[in-house]
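Engineer: Take a look at upload-v5.cif, mmCIF, C-alpha atoms and all ligand atoms:
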data_coords
loop_
_atom_site.label_atom_id
_atom_site.label_comp_id
_atom_site.auth_asym_id
_atom_site.auth_seq_id
_atom_site.Cartn_x
_atom_site.Cartn_y
_atom_site.Cartn_z
CA MET A 75 -25.48 15.43 -11.72
CA THR A 76 -22.66 15.93 -9.18
CA GLY A 77 -23.67 16.97 -5.62
CA SER A 78 -21.55 19.41 -3.58
CA HIS A 79 -20.09 16.57 -1.52
CA GLU A 80 -18.98 14.70 -4.65
CA LEU A 81 -17.65 17.93 -6.11
CA GLU A 82 -15.55 18.56 -3.00
CA LYS A 83 -14.22 15.00 -3.13
CA LEU A 84 -13.30 15.49 -6.79
CA GLU A 85 -11.51 18.77 -6.03
CA ILE A 86 -9.58 17.16 -3.19
CA ASP A 87 -8.61 14.21 -5.39
CA LEU A 88 -7.36 16.66 -8.04
CA LEU A 89 -5.46 18.69 -5.42
CA LEU A 90 -3.72 15.57 -4.08
CA GLU A 91 -2.91 14.37 -7.61
CA GLY A 92 -1.52 17.81 -8.46
CA VAL A 93 0.63 17.90 -5.33
CA HIS A 94 1.93 14.41 -6.07
CA GLU A 95 2.74 15.22 -9.74
CA ARG A 96 4.26 18.63 -9.06
CA TYR A 97 6.12 18.03 -5.78
CA GLY A 98 6.36 14.23 -5.39
CA TYR A 99 4.57 14.19 -2.00
CA ASP A 100 1.83 11.60 -1.83
CA PHE A 101 -1.09 12.42 0.48
CA ARG A 102 -3.61 10.36 -1.51
CA ASN A 103 -3.81 7.74 1.23
CA TYR A 104 -4.01 10.01 4.25
CA ALA A 105 -7.12 9.76 6.44
CA ARG A 106 -9.62 12.09 4.76
CA ALA A 107 -11.29 13.87 7.70
CA SER A 108 -8.11 15.43 9.10
CA LEU A 109 -6.77 16.07 5.57
CA VAL A 110 -9.91 18.06 4.69
CA ARG A 111 -9.61 20.12 7.90
CA ARG A 112 -6.00 21.05 7.04
CA ILE A 113 -6.86 21.92 3.45
CA ARG A 114 -9.70 24.19 4.64
CA HIS A 115 -7.29 25.86 7.06
CA ARG A 116 -4.84 26.53 4.20
CA MET A 117 -7.69 27.99 2.10
CA VAL A 118 -8.39 30.52 4.86
CA VAL A 119 -4.69 31.42 5.21
CA GLU A 120 -4.33 31.86 1.45
CA SER A 121 -7.72 33.63 1.14
CA VAL A 122 -8.98 31.37 -1.61
CA GLU A 123 -12.64 30.43 -1.94
CA THR A 124 -12.35 26.98 -3.49
CA ILE A 125 -10.13 23.93 -3.30
CA SER A 126 -9.53 24.31 -7.04
CA GLY A 127 -8.33 27.86 -6.35
CA LEU A 128 -5.93 26.47 -3.76
CA LEU A 129 -4.70 23.87 -6.25
CA ALA A 130 -3.92 26.58 -8.82
CA ARG A 131 -1.97 28.57 -6.25
CA ILE A 132 -0.08 25.52 -4.99
CA LEU A 133 0.92 24.50 -8.53
CA HIS A 134 2.33 27.95 -9.28
CA ASP A 135 3.76 28.88 -5.89
CA PRO A 136 6.14 26.47 -4.07
CA GLU A 137 5.91 28.61 -0.91
CA CYS A 138 2.17 28.00 -0.79
CA PHE A 139 2.90 24.28 -1.09
CA ASP A 140 5.39 24.54 1.82
CA GLY A 141 2.56 26.02 3.88
CA LEU A 142 0.26 23.13 3.06
CA LEU A 143 3.08 20.65 3.76
CA SER A 144 3.61 22.09 7.20
CA ASP A 145 -0.18 22.09 7.87
CA LEU A 146 -0.34 18.40 6.95
CA SER A 147 2.71 17.41 8.95
CA ILE A 148 1.27 18.03 12.50
CA PRO A 149 4.64 17.64 14.28
CA VAL A 150 3.20 17.56 17.81
CA THR A 151 5.60 15.73 20.11
CA GLU A 152 7.34 15.95 23.48
CA MET A 153 10.12 14.24 25.40
CA PHE A 154 9.12 10.98 27.12
CA ARG A 155 5.65 11.16 25.58
CA ASP A 156 3.61 8.28 27.07
CA PRO A 157 6.13 7.41 29.80
CA ASP A 158 4.76 3.84 30.00
CA PHE A 159 6.09 3.22 26.52
CA PHE A 160 9.60 4.27 27.56
CA LYS A 161 9.26 2.21 30.73
CA ALA A 162 8.51 -0.82 28.56
CA ILE A 163 11.59 -0.02 26.46
CA ARG A 164 13.69 0.00 29.63
CA GLU A 165 12.20 -3.22 30.98
CA THR A 166 11.55 -5.31 27.86
CA VAL A 167 13.71 -4.05 25.00
CA ILE A 168 16.95 -2.88 26.61
CA PRO A 169 17.78 -6.28 28.19
CA VAL A 170 17.55 -7.79 24.67
CA LEU A 171 19.58 -4.98 23.08
CA ARG A 172 22.33 -5.69 25.61
CA THR A 173 22.87 -9.08 24.01
CA HIS A 174 23.77 -7.46 20.65
CA PRO A 175 27.27 -6.15 19.86
CA TYR A 176 25.84 -3.32 17.76
CA VAL A 177 22.35 -1.82 17.90
CA LYS A 178 20.32 0.00 15.24
CA ILE A 179 17.11 1.92 15.99
CA TRP A 180 14.82 3.76 13.56
CA HIS A 181 12.40 6.49 14.67
CA ALA A 182 10.06 7.07 11.71
CA GLY A 183 8.06 10.32 11.82
CA CYS A 184 10.36 11.80 14.47
CA ALA A 185 9.01 15.37 14.11
CA THR A 186 11.36 17.75 15.97
CA GLY A 187 13.41 14.96 17.53
CA GLU A 188 12.28 14.76 21.16
CA GLU A 189 11.29 11.08 20.91
CA ALA A 190 14.72 10.10 19.53
CA TYR A 191 16.52 12.14 22.23
CA SER A 192 14.41 10.43 24.92
CA MET A 193 15.55 7.08 23.49
CA ALA A 194 19.19 8.25 23.45
CA ILE A 195 18.91 9.13 27.16
CA LEU A 196 17.57 5.66 27.98
CA LEU A 197 20.41 4.06 26.04
CA ALA A 198 23.01 6.27 27.72
CA GLU A 199 21.64 5.21 31.10
CA ALA A 200 21.91 1.56 30.07
CA ASP A 201 25.47 2.17 28.87
CA LEU A 202 24.46 1.18 25.34
CA LEU A 203 24.62 4.49 23.53
CA SER A 204 28.22 4.12 22.32
CA ARG A 205 27.30 0.99 20.37
CA THR A 206 23.96 2.23 19.08
CA ARG A 207 23.14 4.17 15.94
CA ILE A 208 19.73 5.91 15.98
CA TYR A 209 18.20 6.92 12.64
CA ALA A 210 15.42 9.47 13.03
CA THR A 211 13.45 10.37 9.92
CA ASP A 212 10.60 12.60 8.86
CA TYR A 213 9.41 14.16 5.60
CA ASN A 214 9.24 17.61 7.17
CA ARG A 215 12.64 19.22 6.51
CA ALA A 216 12.01 22.19 8.85
CA CYS A 217 11.34 19.77 11.72
CA LEU A 218 14.50 17.83 10.92
CA GLU A 219 16.54 21.04 11.13
CA THR A 220 15.13 21.77 14.61
CA ALA A 221 15.81 18.17 15.58
CA ARG A 222 19.46 18.38 14.46
CA GLN A 223 20.00 21.50 16.56
CA GLY A 224 18.46 19.86 19.63
CA ILE A 225 17.44 23.22 21.13
CA TYR A 226 14.02 23.39 22.80
CA PRO A 227 12.10 25.91 24.93
CA ALA A 228 12.87 25.45 28.61
CA ASP A 229 9.35 26.31 29.84
CA SER A 230 8.20 22.68 30.00
CA VAL A 231 11.21 21.29 31.88
CA GLU A 232 9.16 20.33 34.95
CA ASP A 233 6.69 18.35 32.83
CA ILE A 234 9.54 16.62 31.00
CA GLU A 235 11.13 15.78 34.35
CA ALA A 236 7.85 14.27 35.60
CA ARG A 237 7.48 12.10 32.48
CA TYR A 238 11.14 11.07 32.66
CA CYS A 239 10.62 9.88 36.28
CA ALA A 240 7.40 8.08 35.30
CA SER A 241 9.40 6.26 32.61
CA GLY A 242 11.65 4.86 35.34
CA GLY A 243 14.37 7.53 35.11
CA THR A 244 16.31 8.01 38.32
CA ALA A 245 19.10 10.39 37.29
CA SER A 246 18.87 14.14 37.13
CA LEU A 247 17.49 15.06 33.71
CA CYS A 248 19.51 18.30 33.66
CA ASP A 249 22.65 16.17 33.20
CA TYR A 250 21.51 15.65 29.60
CA TYR A 251 21.23 19.25 28.48
CA HIS A 252 22.76 22.68 28.88
CA SER A 253 20.37 25.47 29.72
CA GLY A 254 20.37 29.21 29.22
CA TYR A 255 18.33 31.98 27.57
CA ASP A 256 15.02 30.16 28.23
CA ALA A 257 16.17 27.24 26.13
CA LEU A 258 17.76 23.89 26.69
CA LYS A 259 20.33 22.35 24.38
CA ILE A 260 20.73 18.59 24.24
CA ARG A 261 24.24 17.34 25.13
CA ASP A 262 26.54 16.82 22.13
CA ASP A 263 27.18 13.11 22.63
CA LEU A 264 23.41 12.48 22.57
CA ARG A 265 23.03 14.60 19.42
CA LYS A 266 25.88 12.80 17.68
CA SER A 267 24.32 9.39 18.31
CA ILE A 268 21.37 10.28 16.06
CA VAL A 269 21.35 10.62 12.27
CA PHE A 270 18.40 12.82 11.28
CA ALA A 271 17.37 12.19 7.67
CA HIS A 272 14.59 12.89 5.21
CA HIS A 273 12.37 9.87 4.56
CA ASN A 274 8.83 9.73 3.23
CA LEU A 275 6.85 6.77 4.54
CA ALA A 276 4.40 7.08 1.64
CA ALA A 277 7.09 6.70 -1.02
CA ASP A 278 10.50 5.58 0.23
CA GLN A 279 11.93 2.16 0.96
CA SER A 280 12.75 0.37 4.21
CA PHE A 281 15.89 0.68 6.30
CA GLY A 282 17.68 -2.60 6.95
CA GLU A 283 18.26 -4.76 10.02
CA MET A 284 16.84 -2.61 12.79
CA ASN A 285 16.73 -3.96 16.34
CA LEU A 286 13.91 -1.54 17.10
CA VAL A 287 11.59 0.52 14.91
CA VAL A 288 9.55 3.24 16.62
CA CYS A 289 6.76 4.97 14.72
CA ARG A 290 4.30 6.55 17.09
CA ASN A 291 1.34 8.81 16.41
CA VAL A 292 1.96 8.79 12.66
CA LEU A 293 -0.16 5.85 11.41
CA ILE A 294 -3.30 7.59 12.72
CA TYR A 295 -3.00 10.11 9.88
CA PHE A 296 -2.94 7.39 7.20
CA ASP A 297 -5.77 5.38 5.67
CA ARG A 298 -5.71 1.58 5.95
CA LYS A 299 -3.96 1.13 2.59
CA LEU A 300 -1.06 3.39 3.56
CA GLN A 301 -0.93 1.97 7.10
CA HIS A 302 -0.62 -1.43 5.52
CA ARG A 303 2.26 -0.31 3.26
CA VAL A 304 4.09 1.27 6.16
CA LEU A 305 3.65 -1.69 8.51
CA ARG A 306 5.06 -3.98 5.80
CA LEU A 307 8.01 -1.59 5.47
CA PHE A 308 8.63 -1.76 9.21
CA HIS A 309 8.37 -5.53 9.30
CA GLN A 310 10.94 -5.75 6.46
CA SER A 311 13.21 -3.38 8.37
CA LEU A 312 13.31 -5.46 11.55
CA CYS A 313 16.16 -7.84 12.27
CA HIS A 314 15.48 -11.34 13.61
CA ARG A 315 13.26 -10.89 16.72
CA GLY A 316 13.42 -7.10 16.44
CA PHE A 317 10.87 -4.84 18.20
CA LEU A 318 8.25 -2.46 16.77
CA GLY A 319 6.71 0.36 18.82
CA ILE A 320 3.59 2.21 17.63
CA GLY A 321 1.32 4.82 19.21
CA PRO A 322 -1.30 4.08 21.89
CA LYS A 323 -4.19 4.74 19.48
CA GLU A 324 -2.68 2.66 16.69
CA THR A 325 -2.91 -1.04 15.92
CA VAL A 326 -1.44 -3.69 13.64
CA GLY A 327 -4.56 -5.85 14.12
CA PHE A 328 -6.04 -5.33 10.63
CA SER A 329 -2.78 -5.86 8.74
CA ASN A 330 -1.29 -9.08 7.42
CA VAL A 331 1.95 -8.39 9.33
CA HIS A 332 -0.18 -9.03 12.42
CA ASP A 333 0.53 -12.77 12.20
CA ARG A 334 4.24 -12.10 11.93
CA LEU A 335 4.42 -10.00 15.10
CA GLU A 336 3.73 -10.92 18.70
CA ALA A 337 2.53 -8.47 21.34
CA THR A 338 4.83 -7.96 24.32
CA GLN A 339 3.35 -8.53 27.72
CA GLY A 340 1.68 -5.54 29.35
CA MET A 341 2.42 -3.06 26.54
CA PRO A 342 -0.13 -3.29 23.72
CA SER A 343 1.75 -0.90 21.44
CA LEU A 344 5.07 -2.79 21.58
CA TYR A 345 5.49 -5.82 19.30
CA ARG A 346 8.24 -8.28 18.54
CA ARG A 347 8.96 -9.92 15.21
CA LYS A 348 8.17 -13.65 15.16
CA ASP A 349 10.52 -15.85 13.19
C1 LIG B 1 2.32 13.73 15.59
S1 LIG B 1 3.96 13.68 14.98
C2 LIG B 1 4.61 12.30 15.89
C3 LIG B 1 5.99 12.58 16.46
C4 LIG B 1 6.53 11.49 17.38
N1 LIG B 1 6.64 10.23 16.71
C5 LIG B 1 5.69 11.36 18.62
O1 LIG B 1 4.91 10.41 18.76
O2 LIG B 1 5.78 12.23 19.50
C6 LIG B 1 3.72 13.01 13.34
C7 LIG B 1 4.95 13.17 12.45
O3 LIG B 1 4.82 12.30 11.32
C8 LIG B 1 5.38 12.94 10.21
N2 LIG B 1 4.86 12.34 8.97
C9 LIG B 1 3.58 12.38 8.50
N3 LIG B 1 3.52 11.76 7.31
C10 LIG B 1 4.78 11.30 7.04
C11 LIG B 1 5.35 10.60 5.96
N4 LIG B 1 4.61 10.24 4.91
N5 LIG B 1 6.67 10.29 6.01
C12 LIG B 1 7.42 10.67 7.07
N6 LIG B 1 6.94 11.35 8.13
C13 LIG B 1 5.63 11.68 8.11
C14 LIG B 1 4.97 14.39 10.36
O4 LIG B 1 5.78 15.26 9.61
C15 LIG B 1 5.11 14.58 11.88
O5 LIG B 1 6.38 15.10 12.20
#
Rewrite the structure from the file as structure tokens, please.

Structural biologist:
Amino acid sequence: MTGSHELEKLEIDLLLEGVHERYGYDFRNYARASLVRRIRHRMVVESVETISGLLARILHDPECFDGLLSDLSIPVTEMFRDPDFFKAIRETVIPVLRTHPYVKIWHAGCATGEEAYSMAILLAEADLLSRTRIYATDYNRACLETARQGIYPADSVEDIEARYCASGGTASLCDYYHSGYDALKIRDDLRKSIVFAHHNLAADQSFGEMNLVVCRNVLIYFDRKLQHRVLRLFHQSLCHRGFLGIGPKETVGFSNVHDRLEATQGMPSLYRRKD
């Protein structure tokens, strides 16, 4: 006899299998609680009564799948999010990057690009941008398009300014964008320093020889198995003594890359590859 809880679990497993088979996106190792909330939300939007009903619609209607994909993506972000993290980049990482002739940085799960642009501003201020290539990736193509354009609503400029100052910024932030029509557009040289590309952390391979990998507020959506895969991917992507930055609520403690990374002083979410 199957109880309603087991039945729901079975339906969700079938939905995730179906999505993987039909569209190649693998959500089977995402943290279940938030996954279930998003699936229920999509059921309401699509006016279907059961998860199996949602599966049928998703299999037959790619637009319905796009809706679910955007529900599951949760691209919440902002410029200079967690200013302490960017302060640590200025104080701990940039002095090391200076010693390299060429610098490569990967922002995985970049959402609409604000995190990568914040990094580009730091590098410009350190006079390192011209010898740095930033790769910023996400599986959400709509977010990547917004990121490439680098146009954002201007209503939060004061908050951005405050976080920029808290990160140790001393210039005038408006030097980095053009404003008009209630929007701000990131300066062209900053936009050109970043390659925005599609990459799925649940399926794709690592990028090579990065001096810094940043993946913040993404691992929290994954179960331990997927977190483990992704942390291994990041470790493989780091160059000798490269840095890894994760989100404030995330940890590498449970993973076997833990022994191959050392924490940096004063910033628990910034690690350095041991060699
Ligand atoms: C909460 S946002 C984090 C954005 C930014 N890193 C920050 O901290 O502000 C999470 C992002 O991870 C992306 N994401 C989730 N699963 C992914 C996957 N398997 N591969 C690539 N990106 C993924 C989502 O599309 C979303 O844009």

Engineer: Nearest to ligand LIG 1 (chain B): which of A:Pro157, A:Gly92, A:Gly321, A:Gly127 is it, counting only C-alpha atoms and all ligand atoms?

Structural biologist: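 Once distances to ligand LIG 1 (chain B) are computed over only C-alpha atoms and all ligand atoms, the minimum belongs to A:Gly321.
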
Engineer: Let me make sure I understand: among A:Arg265, A:Arg172, A:Arg290, A:His134, which one has the smallest atom-to-atom distance to ligand LIG 1 (chain B) if we use all atoms listed in the file?

Structural biologist: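 Distance minimum relative to ligand LIG 1 (chain B) lands on A:Arg290.
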
Engineer: Identify which of the residues A:Gly224, A:Gly183, A:Gly98, A:Gly316 lies closest to ligand LIG 1 (chain B), counting all atoms listed in the file when measuring atom-to-atom distances.

Structural biologist: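 Nearest to ligand LIG 1 (chain B): A:Gly183.
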
Engineer: When the cut-off is 10 Å and you count only C-alpha atoms and all ligand atoms, which residues lie near ligand LIG 1 (chain B), shown as a ChimeraX atom specification?

Structural biologist: /A:99-101,103-104,143-156,181-190,210-218,272-278,288-296,300,304,320-322

Engineer: Using all atoms listed in the file - which residues lie no farther than 9 Å from the point (-1.9, -1.4, 20.6) in the file's frame? Write them as a PyMOL selection string.

Structural biologist: chain A and resi 319-327+337+341-345

Engineer: Go ahead and compute the interatomic distance for CA of Arg102 in chain A and CA of Asp87 in chain A, in Å to one decimal.

Structural biologist: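 Separation of CA of Arg102 in chain A and CA of Asp87 in chain A: 7.4 Å.
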
Engineer: Where atoms are absent from range 324-347 of chain A, fill them in so it carries N, CA and C atoms, then output it as an mmCIF file, in the coordinates of the input.

Structural biologist:
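To be explicit, this is the file written out as result16.cif:
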data_model
loop_
_atom_site.group_PDB
_atom_site.id
_atom_site.type_symbol
_atom_site.label_atom_id
_atom_site.label_comp_id
_atom_site.auth_asym_id
_atom_site.auth_seq_id
_atom_site.Cartn_x
_atom_site.Cartn_y
_atom_site.Cartn_z
ATOM 1 N N GLU A 324 -2.915 3.350 17.964
ATOM 2 C CA GLU A 324 -2.680 2.660 16.690
ATOM 3 C C GLU A 324 -2.652 1.150 16.898
ATOM 4 N N THR A 325 -2.891 0.417 15.804
ATOM 5 C CA THR A 325 -2.910 -1.040 15.920
ATOM 6 C C THR A 325 -2.330 -1.687 14.677
ATOM 7 N N VAL A 326 -1.863 -2.928 14.824
ATOM 8 C CA VAL A 326 -1.440 -3.690 13.640
ATOM 9 C C VAL A 326 -2.486 -4.757 13.329
ATOM 10 N N GLY A 327 -3.569 -4.774 14.143
ATOM 11 C CA GLY A 327 -4.560 -5.850 14.120
ATOM 12 C C GLY A 327 -5.141 -6.155 12.752
ATOM 13 N N PHE A 328 -5.361 -5.147 11.922
ATOM 14 C CA PHE A 328 -6.040 -5.330 10.630
ATOM 15 C C PHE A 328 -5.073 -5.804 9.548
ATOM 16 N N SER A 329 -3.759 -5.694 9.822
ATOM 17 C CA SER A 329 -2.780 -5.860 8.740
ATOM 18 C C SER A 329 -2.287 -7.303 8.657
ATOM 19 N N ASN A 330 -1.768 -7.695 7.477
ATOM 20 C CA ASN A 330 -1.290 -9.080 7.420
ATOM 21 C C ASN A 330 0.106 -9.255 8.022
ATOM 22 N N VAL A 331 0.729 -8.180 8.540
ATOM 23 C CA VAL A 331 1.950 -8.390 9.330
ATOM 24 C C VAL A 331 1.587 -8.805 10.765
ATOM 25 N N HIS A 332 0.300 -8.681 11.083
ATOM 26 C CA HIS A 332 -0.180 -9.030 12.420
ATOM 27 C C HIS A 332 0.272 -10.442 12.834
ATOM 28 N N ASP A 333 0.163 -11.379 11.894
ATOM 29 C CA ASP A 333 0.530 -12.770 12.200
ATOM 30 C C ASP A 333 2.040 -12.955 12.341
ATOM 31 N N ARG A 334 2.784 -11.959 11.885
ATOM 32 C CA ARG A 334 4.240 -12.100 11.930
ATOM 33 C C ARG A 334 4.861 -11.304 13.075
ATOM 34 N N LEU A 335 3.958 -10.751 13.921
ATOM 35 C CA LEU A 335 4.420 -10.000 15.100
ATOM 36 C C LEU A 335 3.734 -10.558 16.331
ATOM 37 N N GLU A 336 4.413 -10.528 17.461
ATOM 38 C CA GLU A 336 3.730 -10.920 18.700
ATOM 39 C C GLU A 336 3.714 -9.723 19.642
ATOM 40 N N ALA A 337 2.625 -9.585 20.385
ATOM 41 C CA ALA A 337 2.530 -8.470 21.340
ATOM 42 C C ALA A 337 3.454 -8.777 22.519
ATOM 43 N N THR A 338 4.027 -7.739 23.107
ATOM 44 C CA THR A 338 4.830 -7.960 24.320
ATOM 45 C C THR A 338 3.890 -7.846 25.508
ATOM 46 N N GLN A 339 4.259 -8.492 26.578
ATOM 47 C CA GLN A 339 3.350 -8.530 27.720
ATOM 48 C C GLN A 339 3.194 -7.160 28.375
ATOM 49 N N GLY A 340 1.946 -6.755 28.589
ATOM 50 C CA GLY A 340 1.680 -5.540 29.350
ATOM 51 C C GLY A 340 1.801 -4.252 28.560
ATOM 52 N N MET A 341 2.273 -4.302 27.308
ATOM 53 C CA MET A 341 2.420 -3.060 26.540
ATOM 54 C C MET A 341 1.833 -3.285 25.150
ATOM 55 N N PRO A 342 0.546 -2.943 24.968
ATOM 56 C CA PRO A 342 -0.130 -3.290 23.720
ATOM 57 C C PRO A 342 0.467 -2.636 22.471
ATOM 58 N N SER A 343 1.222 -1.558 22.633
ATOM 59 C CA SER A 343 1.750 -0.900 21.440
ATOM 60 C C SER A 343 3.211 -1.285 21.144
ATOM 61 N N LEU A 344 3.697 -2.327 21.822
ATOM 62 C CA LEU A 344 5.070 -2.790 21.580
ATOM 63 C C LEU A 344 5.028 -4.242 21.118
ATOM 64 N N TYR A 345 5.544 -4.486 19.908
ATOM 65 C CA TYR A 345 5.490 -5.820 19.300
ATOM 66 C C TYR A 345 6.902 -6.336 19.077
ATOM 67 N N ARG A 346 6.947 -7.676 18.847
ATOM 68 C CA ARG A 346 8.240 -8.280 18.540
ATOM 69 C C ARG A 346 8.084 -9.172 17.317
ATOM 70 N N ARG A 347 9.049 -9.113 16.437
ATOM 71 C CA ARG A 347 8.960 -9.920 15.210
ATOM 72 C C ARG A 347 9.077 -11.403 15.544
#
